[in-house]
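S.K.: Please find upload.tsv (TSV, C-alpha atoms) on the next line:
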```tsv
chain	number	residue	atom	x	y	z
A	1	MET	CA	22.31	43.54	81.14
A	2	GLY	CA	20.63	40.35	80.08
A	3	LYS	CA	22.21	37.22	78.68
A	4	LYS	CA	23.25	37.35	75.03
A	5	ILE	CA	20.84	35.17	73.09
A	6	LYS	CA	22.21	35.50	69.57
A	7	THR	CA	25.31	37.19	68.19
A	8	PHE	CA	25.49	38.16	64.52
A	9	SER	CA	28.36	38.28	62.04
A	10	ASN	CA	28.72	42.06	62.41
A	11	GLY	CA	29.16	41.89	66.19
A	12	SER	CA	25.61	42.98	67.05
A	13	TYR	CA	23.59	40.79	69.40
A	14	LEU	CA	20.15	40.20	70.87
A	15	GLU	CA	19.21	39.70	74.50
A	16	TYR	CA	16.23	39.74	76.84
A	17	ASP	CA	16.24	42.19	79.72
A	18	ARG	CA	13.92	44.20	81.90
A	19	GLY	CA	11.44	46.29	79.93
A	20	SER	CA	8.66	48.56	81.13
A	21	PHE	CA	6.62	45.72	82.65
A	22	ASP	CA	8.52	42.41	82.53
A	23	ASP	CA	11.90	40.76	81.95
A	24	TRP	CA	11.06	39.72	78.38
A	25	CYS	CA	11.95	42.90	76.51
A	26	VAL	CA	14.08	42.19	73.43
A	27	TYR	CA	17.15	44.41	73.02
A	28	LEU	CA	19.42	44.75	70.01
A	29	THR	CA	22.93	45.98	70.72
A	30	ASP	CA	24.87	47.08	67.64
A	31	SER	CA	28.60	46.65	67.10
A	32	THR	CA	29.31	50.07	68.66
A	33	GLY	CA	27.49	49.14	71.90
A	34	ASN	CA	24.33	51.15	71.15
A	35	ARG	CA	21.51	49.19	72.84
A	36	ARG	CA	17.79	49.61	72.23
A	37	PRO	CA	14.58	47.61	72.01
A	38	PRO	CA	13.57	47.26	68.35
A	39	ARG	CA	10.14	48.80	67.68
A	40	ASP	CA	7.45	47.17	65.55
A	41	ILE	CA	7.37	50.17	63.22
A	42	ASP	CA	11.12	49.84	62.55
A	43	TYR	CA	11.17	46.18	61.58
A	44	PHE	CA	7.77	46.39	59.87
A	45	SER	CA	9.18	49.10	57.60
A	46	THR	CA	12.20	46.93	56.86
A	47	LEU	CA	9.95	43.92	56.11
A	48	VAL	CA	8.03	46.04	53.57
A	49	SER	CA	11.31	46.97	51.90
A	50	LEU	CA	12.44	43.33	51.83
A	51	ALA	CA	9.04	42.25	50.47
A	52	GLY	CA	9.55	44.67	47.59
A	53	GLU	CA	12.71	42.80	46.69
A	54	TYR	CA	11.77	39.20	47.51
A	55	SER	CA	7.90	39.26	47.57
A	56	SER	CA	5.49	39.51	50.46
A	57	GLU	CA	4.57	35.86	50.02
A	58	ARG	CA	8.15	34.65	50.49
A	59	ILE	CA	8.76	36.81	53.57
A	60	TYR	CA	5.41	35.77	55.08
A	61	SER	CA	6.00	32.08	54.31
A	62	ASP	CA	9.45	32.15	55.94
A	63	TYR	CA	8.00	34.02	58.91
A	64	CYS	CA	5.24	31.38	59.26
A	65	ASP	CA	7.84	28.58	59.27
A	66	ILE	CA	9.46	30.31	62.26
A	67	TYR	CA	6.07	31.01	63.86
A	68	ASP	CA	5.20	27.30	63.66
A	69	ARG	CA	8.46	26.42	65.45
A	70	THR	CA	7.95	28.99	68.22
A	71	GLY	CA	6.93	27.82	71.67
A	72	LYS	CA	7.14	29.31	75.15
A	73	VAL	CA	10.84	28.56	75.56
A	74	LEU	CA	13.83	29.73	73.56
A	75	ASP	CA	15.15	26.93	71.35
A	76	ASN	CA	18.65	27.26	69.89
A	77	THR	CA	17.75	24.96	67.00
A	78	VAL	CA	15.14	27.54	65.92
A	79	LEU	CA	17.75	30.32	66.14
A	80	GLU	CA	20.03	28.19	63.93
A	81	TYR	CA	17.13	27.53	61.54
A	82	ILE	CA	16.56	31.29	61.26
A	83	THR	CA	20.21	31.77	60.30
A	84	THR	CA	19.83	29.07	57.62
A	85	VAL	CA	16.66	30.66	56.22
A	86	ALA	CA	18.28	34.11	56.28
A	87	SER	CA	21.29	32.81	54.33
A	88	THR	CA	18.99	32.37	51.29
A	89	TYR	CA	18.54	36.17	51.14
A	90	GLY	CA	22.00	36.86	49.71
A	91	ALA	CA	23.27	40.37	50.48
A	92	ASN	CA	20.38	40.87	52.94
A	93	ALA	CA	21.13	37.71	54.95
A	94	LEU	CA	22.32	39.60	58.05
A	95	LEU	CA	19.34	41.95	58.06
A	96	VAL	CA	16.84	39.09	57.59
A	97	ASN	CA	18.61	37.08	60.31
A	98	GLN	CA	18.28	39.99	62.73
A	99	ILE	CA	14.62	40.72	61.94
A	100	PHE	CA	13.43	37.10	62.03
A	101	SER	CA	15.42	36.55	65.26
A	102	ILE	CA	13.83	39.66	66.81
A	103	LEU	CA	10.39	38.42	65.77
A	104	TYR	CA	11.13	34.95	67.17
A	105	MET	CA	12.22	36.38	70.52
A	106	ALA	CA	9.24	38.77	70.57
A	107	MET	CA	6.84	35.87	69.97
A	108	ILE	CA	8.37	33.95	72.89
A	109	ALA	CA	7.97	37.09	75.02
A	110	GLU	CA	4.27	37.24	74.03
A	111	GLU	CA	3.89	33.56	75.00
A	112	GLN	CA	5.48	34.33	78.39
A	113	LYS	CA	3.08	37.14	79.31
A	114	LYS	CA	1.04	36.28	82.35
A	115	TYR	CA	-2.63	35.57	81.57
A	116	THR	CA	-2.07	35.94	77.82
A	117	LYS	CA	-5.01	34.97	75.66
A	118	LEU	CA	-3.30	35.78	72.36
A	119	GLY	CA	0.36	34.87	72.77
A	120	LYS	CA	2.38	34.85	69.56
A	121	ARG	CA	-0.77	35.27	67.42
A	122	ILE	CA	-0.67	39.01	68.15
A	123	LYS	CA	2.63	39.29	66.23
A	124	ARG	CA	1.34	37.13	63.40
A	125	LEU	CA	-1.72	39.35	62.97
A	126	GLY	CA	0.49	42.42	62.58
A	127	ILE	CA	2.74	40.64	60.07
A	128	TYR	CA	-0.31	39.34	58.17
A	129	LYS	CA	-1.83	42.83	57.97
A	130	LEU	CA	1.51	44.19	56.78
A	131	LEU	CA	2.52	41.59	54.19
A	132	ILE	CA	-0.71	39.93	53.04
A	133	GLU	CA	-3.23	42.77	53.39
A	134	SER	CA	-0.68	45.47	52.41
A	135	THR	CA	-1.50	47.64	55.42
A	136	PRO	CA	1.04	50.49	55.77
A	137	ALA	CA	3.78	49.72	58.33
A	138	ARG	CA	2.76	52.36	60.87
A	139	GLU	CA	-0.88	51.27	60.78
A	140	ALA	CA	-0.02	47.54	60.93
A	141	ALA	CA	2.24	48.18	63.93
A	142	ASN	CA	-0.39	50.17	65.86
A	143	PHE	CA	-3.89	49.16	64.75
A	144	MET	CA	-4.53	46.81	67.71
A	145	ARG	CA	-3.83	49.40	70.38
A	146	GLY	CA	-6.77	49.68	72.74
A	147	MET	CA	-8.57	46.66	71.25
A	148	GLY	CA	-9.84	43.92	73.52
A	149	TRP	CA	-8.26	40.48	73.26
A	150	ARG	CA	-11.52	38.88	72.09
A	151	ASP	CA	-11.69	41.22	69.06
A	152	ILE	CA	-8.04	40.52	68.22
A	153	ALA	CA	-8.58	36.76	68.66
A	154	GLU	CA	-11.54	36.92	66.27
A	155	MET	CA	-9.42	38.75	63.68
A	156	CYS	CA	-6.80	35.99	63.99
A	157	LYS	CA	-9.45	33.29	63.64
A	158	GLU	CA	-10.87	34.95	60.52
A	159	ARG	CA	-7.39	34.77	58.98
A	160	GLY	CA	-6.89	31.11	59.88
A	161	PHE	CA	-4.60	31.26	62.89
```
What do you get writing this file as C-alpha coordinates?
M.R.:
Amino acid sequence: MGKKIKTFSNGSYLEYDRGSFDDWCVYLTDSTGNRRPPRDIDYFSTLVSLAGEYSSERIYSDYCDIYDRTGKVLDNTVLEYITTVASTYGANALLVNQIFSILYMAMIAEEQKKYTKLGKRIKRLGIYKLLIESTPAREAANFMRGMGWRDIAEMCKERGF
(Lines of atoms letter the chains of each structure in order from A and count residues from 1; the text may use other names and numbers.)
(Lines give C-alpha, C1' and ligand atoms only; values in the text may rest on other atoms or scores of the structure.)
Protein backbone atom coordinates (compact mmCIF):
# COMPACT_ATOMS: atom_id res chain seq x y z
CA MET A 1 0.00 0.00 0.00
CA GLY A 2 1.15 3.47 -0.84
CA LYS A 3 0.70 6.65 1.16
CA LYS A 4 -2.74 8.24 1.03
CA ILE A 5 -2.44 11.40 -1.04
CA LYS A 6 -6.00 12.72 -0.90
CA THR A 7 -9.07 11.57 1.00
CA PHE A 8 -12.54 12.57 -0.19
CA SER A 9 -15.75 13.34 1.68
CA ASN A 10 -17.20 9.88 0.93
CA GLY A 11 -14.21 8.06 2.46
CA SER A 12 -12.56 7.17 -0.85
CA TYR A 13 -8.91 8.11 -1.33
CA LEU A 14 -6.09 8.33 -3.85
CA GLU A 15 -2.55 7.04 -3.52
CA TYR A 16 0.52 6.21 -5.56
CA ASP A 17 1.83 2.67 -5.49
CA ARG A 18 3.69 0.16 -7.60
CA GLY A 19 2.19 -0.30 -11.06
CA SER A 20 3.32 -2.48 -13.94
CA PHE A 21 6.57 -0.56 -14.48
CA ASP A 22 7.11 2.08 -11.77
CA ASP A 23 5.99 3.33 -8.35
CA TRP A 24 3.85 6.13 -9.81
CA CYS A 25 0.63 4.25 -10.52
CA VAL A 26 -2.42 6.13 -9.24
CA TYR A 27 -4.91 4.04 -7.27
CA LEU A 28 -8.42 4.97 -6.18
CA THR A 29 -9.77 3.10 -3.16
CA ASP A 30 -13.51 3.47 -2.62
CA SER A 31 -15.26 3.62 0.75
CA THR A 32 -15.71 -0.18 0.77
CA GLY A 33 -11.95 -0.79 0.33
CA ASN A 34 -12.15 -1.71 -3.37
CA ARG A 35 -8.82 -0.52 -4.84
CA ARG A 36 -8.01 -0.07 -8.52
CA PRO A 37 -6.06 2.16 -10.87
CA PRO A 38 -8.50 4.44 -12.73
CA ARG A 39 -8.32 3.92 -16.50
CA ASP A 40 -8.29 6.74 -19.05
CA ILE A 41 -11.42 5.37 -20.72
CA ASP A 42 -13.33 5.50 -17.40
CA TYR A 43 -12.59 9.10 -16.50
CA PHE A 44 -12.72 10.24 -20.13
CA SER A 45 -16.27 8.89 -20.34
CA THR A 46 -17.16 10.72 -17.14
CA LEU A 47 -15.61 13.95 -18.46
CA VAL A 48 -17.80 13.69 -21.59
CA SER A 49 -20.86 13.30 -19.38
CA LEU A 50 -19.83 16.30 -17.24
CA ALA A 51 -19.13 18.35 -20.39
CA GLY A 52 -22.70 17.68 -21.49
CA GLU A 53 -23.91 19.31 -18.30
CA TYR A 54 -21.35 22.09 -17.81
CA SER A 55 -19.78 22.52 -21.31
CA SER A 56 -16.57 21.16 -22.76
CA GLU A 57 -15.02 24.62 -22.59
CA ARG A 58 -15.56 24.94 -18.83
CA ILE A 59 -14.20 21.46 -18.07
CA TYR A 60 -11.20 22.02 -20.35
CA SER A 61 -10.52 25.48 -18.90
CA ASP A 62 -10.59 24.15 -15.33
CA TYR A 63 -8.38 21.24 -16.37
CA CYS A 64 -5.88 23.68 -17.97
CA ASP A 65 -5.74 25.72 -14.74
CA ILE A 66 -4.68 22.52 -12.95
CA TYR A 67 -2.31 21.56 -15.79
CA ASP A 68 -0.56 24.94 -15.48
CA ARG A 69 -0.04 24.36 -11.74
CA THR A 70 1.34 20.83 -12.21
CA GLY A 71 5.05 20.22 -11.79
CA LYS A 72 7.18 17.16 -11.07
CA VAL A 73 6.35 17.10 -7.36
CA LEU A 74 3.03 16.72 -5.58
CA ASP A 75 1.88 20.05 -4.15
CA ASN A 76 -0.84 20.05 -1.49
CA THR A 77 -1.87 23.59 -2.42
CA VAL A 78 -2.80 22.28 -5.89
CA LEU A 79 -4.83 19.46 -4.33
CA GLU A 80 -6.64 22.08 -2.23
CA TYR A 81 -7.15 24.24 -5.33
CA ILE A 82 -8.74 21.25 -7.10
CA THR A 83 -11.18 20.85 -4.21
CA THR A 84 -12.07 24.55 -4.48
CA VAL A 85 -12.62 24.33 -8.24
CA ALA A 86 -14.67 21.14 -7.82
CA SER A 87 -16.91 22.84 -5.25
CA THR A 88 -18.28 25.05 -8.07
CA TYR A 89 -19.82 21.95 -9.69
CA GLY A 90 -22.66 21.62 -7.17
CA ALA A 91 -24.02 18.08 -6.89
CA ASN A 92 -21.08 16.79 -8.96
CA ALA A 93 -18.41 18.36 -6.73
CA LEU A 94 -17.15 15.03 -5.35
CA LEU A 95 -16.94 13.41 -8.78
CA VAL A 96 -15.12 16.42 -10.30
CA ASN A 97 -12.76 16.53 -7.30
CA GLN A 98 -11.89 12.86 -7.81
CA ILE A 99 -11.38 13.13 -11.57
CA PHE A 100 -9.31 16.32 -11.51
CA SER A 101 -7.24 14.89 -8.62
CA ILE A 102 -6.65 11.67 -10.57
CA LEU A 103 -5.60 13.71 -13.61
CA TYR A 104 -3.30 15.86 -11.47
CA MET A 105 -1.60 12.81 -9.96
CA ALA A 106 -1.38 11.13 -13.40
CA MET A 107 0.32 14.23 -14.85
CA ILE A 108 2.88 14.18 -12.03
CA ALA A 109 3.46 10.48 -12.76
CA GLU A 110 4.07 11.34 -16.44
CA GLU A 111 6.55 14.04 -15.37
CA GLN A 112 8.35 11.46 -13.20
CA LYS A 113 8.89 8.92 -15.99
CA LYS A 114 12.54 8.37 -16.71
CA TYR A 115 13.67 9.86 -20.04
CA THR A 116 10.23 11.37 -20.71
CA LYS A 117 10.06 13.68 -23.70
CA LEU A 118 6.35 14.43 -23.34
CA GLY A 119 5.60 14.52 -19.62
CA LYS A 120 2.19 15.89 -18.70
CA ARG A 121 1.53 17.03 -22.29
CA ILE A 122 0.51 13.46 -23.15
CA LYS A 123 -2.49 13.75 -20.78
CA ARG A 124 -3.38 17.20 -22.10
CA LEU A 125 -3.44 15.92 -25.68
CA GLY A 126 -5.93 13.21 -24.74
CA ILE A 127 -8.13 15.70 -22.86
CA TYR A 128 -7.90 18.17 -25.77
CA LYS A 129 -8.93 15.50 -28.29
CA LEU A 130 -11.81 14.51 -26.01
CA LEU A 131 -13.22 17.90 -25.03
CA ILE A 132 -12.17 20.31 -27.78
CA GLU A 133 -12.08 18.05 -30.84
CA SER A 134 -15.03 15.91 -29.65
CA THR A 135 -13.17 12.65 -30.20
CA PRO A 136 -15.09 9.70 -28.68
CA ALA A 137 -13.78 8.71 -25.22
CA ARG A 138 -12.41 5.30 -26.24
CA GLU A 139 -10.58 6.76 -29.23
CA ALA A 140 -9.23 9.74 -27.25
CA ALA A 141 -7.95 7.39 -24.55
CA ASN A 142 -6.17 5.07 -27.00
CA PHE A 143 -5.25 6.95 -30.18
CA MET A 144 -1.60 7.54 -29.19
CA ARG A 145 -0.79 3.88 -28.59
CA GLY A 146 2.19 2.84 -30.68
CA MET A 147 2.96 6.41 -31.80
CA GLY A 148 6.47 7.77 -31.46
CA TRP A 149 7.08 10.62 -29.03
CA ARG A 150 8.10 13.01 -31.83
CA ASP A 151 4.71 12.57 -33.57
CA ILE A 152 2.88 13.11 -30.28
CA ALA A 153 5.02 16.16 -29.48
CA GLU A 154 4.20 17.62 -32.90
CA MET A 155 0.47 17.09 -32.28
CA CYS A 156 0.84 18.95 -28.96
CA LYS A 157 2.75 21.77 -30.63
CA GLU A 158 0.08 22.12 -33.33
CA ARG A 159 -2.49 22.59 -30.55
CA GLY A 160 -0.42 25.19 -28.71
CA PHE A 161 1.06 23.25 -25.82
S.K.: Skip A:Met107 itself and residues of its chain fewer than 2 positions away, then list as a list in words all residues within 8 Å of it, counting only C-alpha atoms.
M.R.: Tyr67, Thr70, Leu103, Tyr104, Met105, Ala109, Glu110, Glu111, Gly119, Lys120 and Lys123 of chain A
S.K.: Within 10 Å of (9.5, 37.5, 82.5) (file coordinates; only C-alpha atoms), which protein or nucleic acid residues are there? I'd like them as a count of residues only.
M.R.: 14
S.K.: From the options A:Phe143, A:Tyr115, A:Tyr128, A:Tyr27, which residue's atoms come nearest to A:Lys4, counting all atoms listed in the file?
M.R.: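 The answer is A:Tyr27, which sits nearest to A:Lys4.
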S.K.: A:Arg138: which residues within 8 Å, counting all atoms listed in the file, same-chain residues fewer than 2 positions away excluded, as a PyMOL selection string?
M.R.: chain A and resi 41+44-45+136+140-142
S.K.: Can you tell me, as a PyMOL selection string, what residues are no more than 10 Å from A:Cys64 when counting only C-alpha atoms, ignoring any on the same chain fewer than 4 positions away?
M.R.: chain A and resi 58-60+68-70+124+127-128
S.K.: Let's have the selection written as a PDB file, in the coordinates of the input, with C-alpha atoms.
M.R.:
```
ATOM      1  CA  ARG A  58       8.150  34.650  50.490  1.00  0.00           C
ATOM      2  CA  ILE A  59       8.760  36.810  53.570  1.00  0.00           C
ATOM      3  CA  TYR A  60       5.410  35.770  55.080  1.00  0.00           C
ATOM      4  CA  ASP A  68       5.200  27.300  63.660  1.00  0.00           C
ATOM      5  CA  ARG A  69       8.460  26.420  65.450  1.00  0.00           C
ATOM      6  CA  THR A  70       7.950  28.990  68.220  1.00  0.00           C
ATOM      7  CA  ARG A 124       1.340  37.130  63.400  1.00  0.00           C
ATOM      8  CA  ILE A 127       2.740  40.640  60.070  1.00  0.00           C
ATOM      9  CA  TYR A 128      -0.310  39.340  58.170  1.00  0.00           C
TER      10      TYR A 128
END
```
S.K.: Pick from A:Ile99, A:Ile108, A:Leu118, A:Leu50: nearest to A:Met155, with only C-alpha atoms counted?
M.R.: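 Of all the options, A:Leu118 lies closest to A:Met155.
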S.K.: When you draw a straight line from atom CA of A:Glu53 to atom CA of A:Ile132, how long is it in Å?
M.R.: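 If I compute the distance from atom CA of A:Glu53 to atom CA of A:Ile132, I get 15.1 Å.
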